[in-house]
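Enquirer: What follows is the file final-v1.txt, containing compact mmCIF, C-alpha atoms:
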```
# COMPACT_ATOMS: atom_id res chain seq x y z
CA MET Y 754 124.75 117.23 114.40
CA GLU Y 755 125.43 118.49 110.88
CA THR Y 756 124.87 122.05 109.75
CA ILE Y 757 121.30 122.52 108.56
CA LYS Y 758 120.27 125.21 106.09
CA PRO Y 759 117.88 127.63 107.84
CA GLY Y 760 114.34 127.39 106.54
CA SER Y 761 114.98 124.14 104.68
CA ARG Y 762 112.96 120.94 104.92
CA ASP Y 763 115.58 119.73 107.40
CA ASP Y 764 115.19 122.73 109.69
CA VAL Y 765 112.74 121.63 112.36
CA SER Y 766 112.91 125.08 113.97
CA ALA Y 767 111.34 126.52 110.80
CA VAL Y 768 108.26 124.28 110.91
CA GLY Y 769 105.21 126.44 110.26
CA ASN Y 770 107.14 128.89 108.10
CA ARG Y 771 107.95 126.54 105.21
CA ASP Y 772 106.06 126.03 101.96
CA ILE Y 773 106.28 122.33 101.20
CA GLY Y 774 104.72 121.24 97.94
CA ALA Y 775 102.83 124.52 97.60
CA ARG Y 776 101.40 125.74 94.32
CA GLY Y 777 103.93 125.88 91.53
CA MET Y 778 105.23 123.72 88.72
CA GLY Y 779 104.74 120.58 90.80
CA ASN Y 780 101.29 121.58 92.02
CA TRP Y 781 98.71 123.23 89.80
CA TYR Y 782 96.04 123.49 92.49
CA SER Y 783 95.33 126.34 94.89
CA THR Y 784 94.68 125.78 98.59
CA ASP Y 785 91.06 126.82 98.08
CA SER Y 786 90.59 124.19 95.39
CA GLU Y 787 92.12 121.56 97.67
CA ILE Y 788 89.68 122.50 100.42
CA ARG Y 789 86.73 122.30 98.00
CA MET Y 790 87.89 118.92 96.77
CA GLY Y 791 88.38 117.61 100.29
CA ARG Y 792 84.99 118.88 101.42
CA GLN Y 793 83.31 117.18 98.47
CA TYR Y 794 84.77 113.77 99.23
CA ALA Y 795 84.35 114.22 102.98
CA SER Y 796 80.65 114.65 102.32
CA GLU Y 797 80.59 111.43 100.32
CA ILE Y 798 82.46 109.51 102.99
CA GLU Y 799 80.28 110.77 105.79
CA LYS Y 800 77.08 109.64 104.07
CA SER Y 801 78.03 106.00 104.56
CA THR Y 802 80.33 106.01 107.58
CA LYS Y 803 79.49 105.37 111.23
CA PHE Y 804 81.22 107.76 113.63
CA ILE Y 805 82.01 107.77 117.32
CA THR Y 806 80.03 110.70 118.69
CA ASP Y 807 80.91 110.48 122.38
CA PRO Y 808 82.00 114.04 123.29
CA VAL Y 809 84.79 112.95 125.65
CA VAL Y 810 86.44 110.73 123.02
CA THR Y 811 85.98 113.14 120.13
CA GLU Y 812 87.20 116.19 122.08
CA TYR Y 813 90.32 114.36 123.20
CA VAL Y 814 91.24 113.05 119.75
CA ASN Y 815 90.56 116.46 118.21
CA ARG Y 816 92.75 118.16 120.81
CA ILE Y 817 95.68 115.79 120.15
CA GLY Y 818 95.30 116.30 116.41
CA GLN Y 819 94.99 120.07 116.59
CA ASN Y 820 98.17 120.26 118.68
CA ILE Y 821 100.01 118.37 115.94
CA VAL Y 822 98.52 120.63 113.26
CA LYS Y 823 99.64 123.68 115.25
CA ASN Y 824 103.18 122.27 115.18
CA SER Y 825 103.13 121.48 111.46
CA ASP Y 826 103.53 123.27 108.12
CA CYS Y 827 99.82 123.09 107.29
CA LYS Y 828 98.05 126.29 106.29
CA VAL Y 829 94.48 125.00 106.45
CA PRO Y 830 92.11 124.39 109.38
CA PHE Y 831 91.53 120.74 110.27
CA THR Y 832 88.25 118.95 110.96
CA ILE Y 833 88.98 115.74 112.88
CA LYS Y 834 86.48 112.93 113.44
CA VAL Y 835 86.61 109.38 114.83
CA ILE Y 836 85.31 106.56 112.63
CA ASP Y 837 83.74 103.52 114.30
CA SER Y 838 85.88 100.81 112.72
CA ASP Y 839 87.94 97.89 113.98
CA GLU Y 840 90.64 98.45 111.37
CA ILE Y 841 93.85 100.12 112.44
CA ASN Y 842 93.85 103.10 110.11
CA ALA Y 843 93.64 106.86 109.70
CA MET Y 844 93.16 109.02 106.64
CA ALA Y 845 93.37 112.65 105.65
CA LEU Y 846 91.65 114.27 102.70
CA PRO Y 847 93.13 117.34 101.01
CA GLY Y 848 92.15 120.53 102.77
CA GLY Y 849 92.33 119.13 106.30
CA PHE Y 850 89.44 116.66 106.57
CA PHE Y 851 90.91 114.06 108.92
CA TYR Y 852 89.54 110.72 110.13
CA VAL Y 853 90.92 108.44 112.85
CA ASN Y 854 89.61 104.89 113.21
CA SER Y 855 88.63 103.73 116.68
CA GLY Y 856 90.73 100.62 115.97
CA LEU Y 857 93.85 102.77 115.82
CA ILE Y 858 93.17 104.28 119.23
CA LEU Y 859 92.42 100.93 120.84
CA ASN Y 860 95.54 99.29 119.45
CA ALA Y 861 97.96 102.06 120.43
CA ASP Y 862 99.67 101.40 123.76
CA GLU Y 863 100.71 105.01 124.27
CA GLU Y 864 99.48 108.45 123.31
CA ALA Y 865 102.72 109.02 121.42
CA GLU Y 866 101.99 106.07 119.12
CA MET Y 867 98.59 107.45 118.17
CA ALA Y 868 100.12 110.91 117.76
CA GLY Y 869 102.76 109.50 115.40
CA VAL Y 870 100.16 108.12 113.00
CA MET Y 871 98.22 111.39 113.16
CA ALA Y 872 101.40 113.35 112.48
CA HIS Y 873 102.12 111.25 109.40
CA GLU Y 874 98.61 111.86 108.09
CA THR Y 875 98.92 115.57 108.83
CA ALA Y 876 102.11 115.60 106.75
CA HIS Y 877 100.22 114.28 103.71
CA VAL Y 878 97.99 117.35 103.89
CA CYS Y 879 100.81 119.81 104.64
CA ALA Y 880 102.84 118.55 101.67
CA HIS Y 881 99.87 118.84 99.29
CA HIS Y 882 100.27 115.24 98.19
CA ALA Y 883 96.78 115.05 96.72
CA ALA Y 884 97.27 118.11 94.52
CA ARG Y 885 100.76 117.03 93.53
CA GLN Y 886 99.48 113.60 92.55
CA MET Y 887 96.75 115.11 90.40
CA THR Y 888 99.27 117.44 88.80
CA ARG Y 889 101.45 114.47 87.91
CA ALA Y 890 98.43 112.76 86.39
CA ASN Y 891 97.87 115.83 84.23
CA TYR Y 892 101.50 115.81 83.17
CA ALA Y 893 101.18 112.17 82.20
CA GLN Y 894 97.99 112.92 80.25
CA LEU Y 895 96.20 110.06 81.93
CA GLY Y 896 92.88 111.83 81.68
CA THR Y 897 90.55 113.07 84.36
CA ILE Y 898 90.56 111.05 87.55
CA PRO Y 899 87.56 111.31 89.86
CA LEU Y 900 89.64 110.81 92.96
CA ILE Y 901 93.33 111.07 93.62
CA PHE Y 902 95.49 108.19 94.76
CA ILE Y 903 98.16 109.33 97.16
CA GLY Y 904 99.55 105.99 98.23
CA GLY Y 905 99.60 104.72 101.76
CA TRP Y 906 96.99 105.59 104.36
CA THR Y 907 95.43 108.62 102.77
CA GLY Y 908 94.89 107.16 99.33
CA TYR Y 909 93.72 103.77 100.50
CA GLY Y 910 91.49 105.37 103.11
CA ILE Y 911 89.65 107.31 100.42
CA TYR Y 912 89.61 104.29 98.14
CA GLU Y 913 88.08 102.00 100.72
CA ALA Y 914 85.53 104.52 102.01
CA ALA Y 915 84.33 105.83 98.66
CA ASN Y 916 84.67 102.52 96.78
CA ILE Y 917 86.05 104.28 93.71
CA ALA Y 918 88.55 102.48 91.49
CA ILE Y 919 91.99 104.08 91.41
CA PRO Y 920 94.36 103.55 88.47
CA LEU Y 921 97.15 101.22 89.47
CA THR Y 922 99.46 103.40 87.39
CA PHE Y 923 99.76 105.70 90.40
CA LEU Y 924 101.18 103.06 92.70
CA HIS Y 925 104.76 103.86 91.75
CA PHE Y 926 104.40 107.33 93.28
CA SER Y 927 103.41 106.07 96.68
CA ARG Y 928 106.81 105.33 98.15
CA GLU Y 929 108.09 108.85 97.50
CA PHE Y 930 105.13 110.51 99.16
CA GLU Y 931 105.08 108.02 102.02
CA ALA Y 932 108.77 108.69 102.65
CA GLU Y 933 108.11 112.43 102.70
CA ALA Y 934 105.19 111.97 105.09
CA ASP Y 935 107.44 109.86 107.33
CA TYR Y 936 110.09 112.57 107.27
CA LEU Y 937 107.74 115.45 108.04
CA GLY Y 938 105.53 113.51 110.43
CA VAL Y 939 108.45 112.69 112.69
CA GLN Y 940 109.27 116.41 112.84
CA TYR Y 941 105.68 117.35 113.68
CA MET Y 942 105.30 114.87 116.53
CA TYR Y 943 108.70 115.97 117.87
CA ARG Y 944 107.57 119.61 117.79
CA ALA Y 945 104.36 118.62 119.58
CA GLY Y 946 106.45 117.15 122.41
CA TYR Y 947 106.27 113.42 121.62
CA ASP Y 948 109.11 110.95 121.38
CA PRO Y 949 109.58 110.36 117.63
CA GLN Y 950 110.81 106.83 118.34
CA ALA Y 951 107.16 105.94 119.11
CA PHE Y 952 106.40 106.39 115.41
CA ILE Y 953 108.83 103.64 114.54
CA SER Y 954 107.89 101.29 117.36
CA PHE Y 955 104.17 101.43 116.53
CA PHE Y 956 104.68 100.27 112.98
CA GLU Y 957 106.83 97.42 114.14
CA LYS Y 958 104.00 96.42 116.48
CA ILE Y 959 101.29 96.48 113.84
CA GLN Y 960 103.40 94.45 111.45
CA ALA Y 961 103.55 91.76 114.12
CA LEU Y 962 99.81 92.11 114.75
CA GLU Y 963 98.97 91.63 111.08
CA LYS Y 964 100.91 88.37 111.09
CA ARG Y 965 99.05 87.13 114.17
CA LYS Y 966 95.62 88.42 113.14
CA PRO Y 967 95.30 89.00 109.39
CA GLY Y 968 92.75 91.66 108.53
CA ALA Y 969 93.13 93.65 111.75
CA VAL Y 970 95.32 96.17 109.97
CA ALA Y 971 93.93 98.17 107.06
CA ARG Y 972 95.40 97.52 103.64
CA ALA Y 973 96.98 100.94 103.90
CA PHE Y 974 99.35 99.62 106.53
CA SER Y 975 99.86 96.09 105.28
CA ASP Y 976 100.50 97.14 101.66
CA HIS Y 977 102.85 99.99 102.61
CA PRO Y 978 104.75 98.68 105.61
CA GLN Y 979 107.51 100.38 107.49
CA THR Y 980 110.25 98.40 105.75
CA PRO Y 981 113.68 98.14 107.40
CA ASP Y 982 114.85 100.73 104.89
CA ARG Y 983 112.12 103.22 105.85
CA ILE Y 984 112.66 102.56 109.55
CA GLY Y 985 116.36 103.16 109.06
CA HIS Y 986 115.71 106.46 107.31
CA SER Y 987 113.46 107.63 110.15
CA GLN Y 988 116.06 106.65 112.72
CA ASP Y 989 118.74 108.52 110.77
CA GLU Y 990 116.51 111.57 110.61
CA ILE Y 991 115.93 111.54 114.36
CA ALA Y 992 119.66 111.40 114.99
CA ARG Y 993 120.61 113.87 112.24
CA ILE Y 994 118.19 116.78 112.43
CA LEU Y 995 116.24 116.59 115.69
CA PRO Y 996 118.05 118.18 118.64
CA ALA Y 997 117.94 115.82 121.61
CA LYS Y 998 115.46 116.65 124.37
CA ASP Y 999 115.78 115.59 127.98
CA GLU Y 1000 112.16 114.49 128.12
CA TYR Y 1001 109.30 113.56 125.80
CA THR Y 1002 105.64 112.89 126.39
CA VAL Y 1003 105.00 109.17 126.10
CA THR Y 1004 101.45 108.83 127.36
CA THR Y 1005 98.91 110.37 129.70
CA SER Y 1006 96.31 109.00 132.08
CA GLU Y 1007 93.74 110.77 129.89
CA PHE Y 1008 94.74 108.56 126.97
CA ASP Y 1009 94.23 105.47 129.13
CA ASP Y 1010 90.85 106.77 130.31
CA VAL Y 1011 89.67 107.63 126.79
CA LYS Y 1012 90.83 104.27 125.48
CA ALA Y 1013 88.91 102.44 128.22
CA ARG Y 1014 85.84 104.61 127.59
CA LEU Y 1015 86.00 103.91 123.86
CA ALA Y 1016 86.24 100.17 124.51
CA ARG Y 1017 83.11 100.32 126.68
CA ILE Y 1018 81.25 102.24 123.95
CA GLU Y 1019 82.28 99.69 121.34
CA ASN Y 1020 81.31 96.74 123.55
CA LYS Y 1021 77.89 98.23 124.28
CA ARG Y 1022 77.30 98.83 120.59
CA ARG Y 1023 78.23 95.25 119.75
CA LEU Y 1024 75.92 93.84 122.38
CA THR Y 1025 73.09 95.96 121.01
CA ASP Y 1026 73.70 95.79 117.28
CA SER Y 1027 75.29 92.39 116.73
CA LYS Y 1028 73.52 90.35 114.09
CA ASP Y 1029 74.12 87.30 116.26
CA PRO Y 1030 73.45 88.43 119.83
CA LYS Y 1031 74.71 85.09 121.12
CA LYS Y 1032 78.18 85.87 119.86
CA PRO Y 1033 79.00 89.51 120.60
CA SER Y 1034 82.45 90.72 119.65
CA LEU Y 1035 83.92 92.37 122.71
CA ARG Y 1036 86.89 94.69 122.97
CA LYS Y 1037 89.26 94.53 125.91
CA ALA Y 1038 89.79 97.81 127.74
CA SER Y 1039 93.41 96.93 128.30
CA GLN Y 1040 94.58 100.39 129.22
CA SER Y 1041 92.05 101.51 131.82
CA LYS Y 1042 93.29 103.01 135.04
CA ASP Y 1043 92.22 99.93 136.96
CA ASP Y 1044 94.02 97.51 134.69
CA PRO Y 1045 97.41 96.39 136.03
CA SER Y 1046 98.76 96.38 132.49
CA THR Y 1047 98.56 100.15 132.54
CA GLN Y 1048 101.66 100.04 134.68
CA THR Y 1049 103.70 99.06 131.63
CA ASN Y 1050 103.08 102.53 130.28
CA ASN Y 1051 103.26 104.26 133.62
CA PRO Y 1052 105.83 102.49 135.76
CA ASN Y 1053 105.44 104.97 138.60
CA GLY Y 1054 101.77 104.13 138.96
CA ASN Y 1055 100.80 107.77 138.45
CA THR Y 1056 97.13 108.05 137.53
CA SER Y 1057 96.93 111.83 137.61
CA ASP Y 1058 96.40 113.92 134.53
CA GLN Y 1059 100.11 114.66 134.29
CA PRO Y 1060 101.75 113.21 131.19
CA THR Y 1061 104.22 110.38 131.53
CA LEU Y 1062 107.66 111.55 130.44
CA HIS Y 1063 110.77 109.62 129.70
CA ARG Y 1064 114.30 110.37 128.70
CA ARG Y 1065 115.65 109.15 125.39
CA GLU Y 1066 118.76 107.44 126.62
CA ASP Y 1067 120.16 106.97 123.13
CA SER Y 1068 119.82 110.62 122.14
CA LYS Y 1069 123.54 111.23 122.20
CA ASP Y 1070 124.58 108.46 119.89
CA GLY Y 1071 121.46 108.47 117.73
CA ASN Y 1072 120.87 104.72 117.99
```
For this file, produce the structure as structure tokens.

Expert:
Amino acid sequence: METIKPGSRDDVSAVGNRDIGARGMGNWYSTDSEIRMGRQYASEIEKSTKFITDPVVTEYVNRIGQNIVKNSDCKVPFTIKVIDSDEINAMALPGGFFYVNSGLILNADEEAEMAGVMAHETAHVCAHHAARQMTRANYAQLGTIPLIFIGGWTGYGIYEAANIAIPLTFLHFSREFEAEADYLGVQYMYRAGYDPQAFISFFEKIQALEKRKPGAVARAFSDHPQTPDRIGHSQDEIARILPAKDEYTVTTSEFDDVKARLARIENKRRLTDSKDPKKPSLRKASQSKDDPSTQTNNPNGNTSDQPTLHRREDSKDGN
């Protein structure tokens, strides 16, 4: 492993003590102003969004997210909620207002996959992408924009929820910020104890899903896919700057239980609220404890609350 400058963006041991994208020439906005902006748009989103309110599901998702935040560079408190939506998506507003779609949870096969998406979203907030994007708009003298476009999940999430037009001029910034969120997100999930390879594998899975079932994946994912180039960069990062660990958390029986519980909640809601009660849209609780397919995630058949760990066999050669 190459020599890494202490305290740099490459130094995973310095996570939490780094200022990434903080106020300066590239960011004209204070943390307080970011929080105010995020709170404003969170209020708008929540006026027209249906949430999952089950305390077991919401407490679990919040706990996973807060653990990632604790192992990140963010300096703001996070409010994490679960949106009742089939789409595979997550979004984070500036200032730590974070939303996870139920579709993301139900389509993740392992806790580490869900954690990887949440870590990426957390990175958007930690790196002040919203404020930096607005600062660039000011530099470009493009006028006042009512809502920032960050590119990728965060920007599209706001765009879709608030139904506010975003200037296409900002699209060319998206790849840079998405790459940075990839880079930091992998570090955050690693620090939180998860196998960073799960981040890569999940995006490969949802690309395949979008081909089989168009529309299942939010535009955020389908328009900004994990290209081979981005996947390669993440793999290089894992090999280059992340010290190998003997074990990582892959999944837990609690994840399987919460996923099955969420599927039951969604099915009940569909049976009750469907416009055509003769054709309810049911979800499959594929990861419940009683489902044999659970054994693919937990080959030892362990249904206790202990997390499932595995060794990264390729940690020495970085492949």

Enquirer: Could you tell me how far CA of Ala845 (chain Y) lies from CA of Asn770 (chain Y), in Å and to one decimal?

Expert: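 CA of Asn770 (chain Y) lies at a distance of 21.4 Å from CA of Ala845 (chain Y).
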
Enquirer: Closest to Ser855 (chain Y) among Y:Gly760, Y:Gln886, Y:Lys803, Y:Ala872, using only C-alpha atoms?

Expert: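 Of all the options, Y:Lys803 lies closest to Ser855 (chain Y).
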
Enquirer: State, in Å with one decimal place, the distance from CA of Ala883 (chain Y) to CA of Gly791 (chain Y).

Expert: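 CA of Ala883 (chain Y) sits 9.5 Å away from CA of Gly791 (chain Y).
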
Enquirer: Please indicate the distance in Å from CA of Pro808 (chain Y) to CA of Ile821 (chain Y), rounded to one decimal place.

Expert: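 Taking CA of Pro808 (chain Y) and CA of Ile821 (chain Y), their separation equals 19.9 Å.
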
Enquirer: Kindly extract all protein, DNA and RNA residues lying within 6 Å of the coordinates (94.9, 119.1, 110.6) given in the file, considering all atoms listed in the file, and supply them as a CSV table (one decimal) with C-alpha atoms, in the frame of the given file.

Expert:
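New file part.csv:
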```csv
chain,number,residue,atom,x,y,z
Y,822,VAL,CA,98.5,120.6,113.3
Y,831,PHE,CA,91.5,120.7,110.3
Y,849,GLY,CA,92.3,119.1,106.3
Y,875,THR,CA,98.9,115.6,108.8
```

Enquirer: Between Y:His986, Y:Ile858, Y:Gly938, Y:Asp837, which one has atoms that come closest to Ser801 (chain Y), using all atoms listed in the file?

Expert: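 Ranking Y:His986, Y:Ile858, Y:Gly938, Y:Asp837 by distance to Ser801 (chain Y), first place goes to Y:Asp837.
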
Enquirer: Counting all atoms listed in the file, which of Y:Asp772, Y:Glu933, Y:Glu963, Y:Glu787 gets nearest to Phe850 (chain Y)?

Expert: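 The shortest atom-to-atom distance to Phe850 (chain Y) comes from Y:Glu787.
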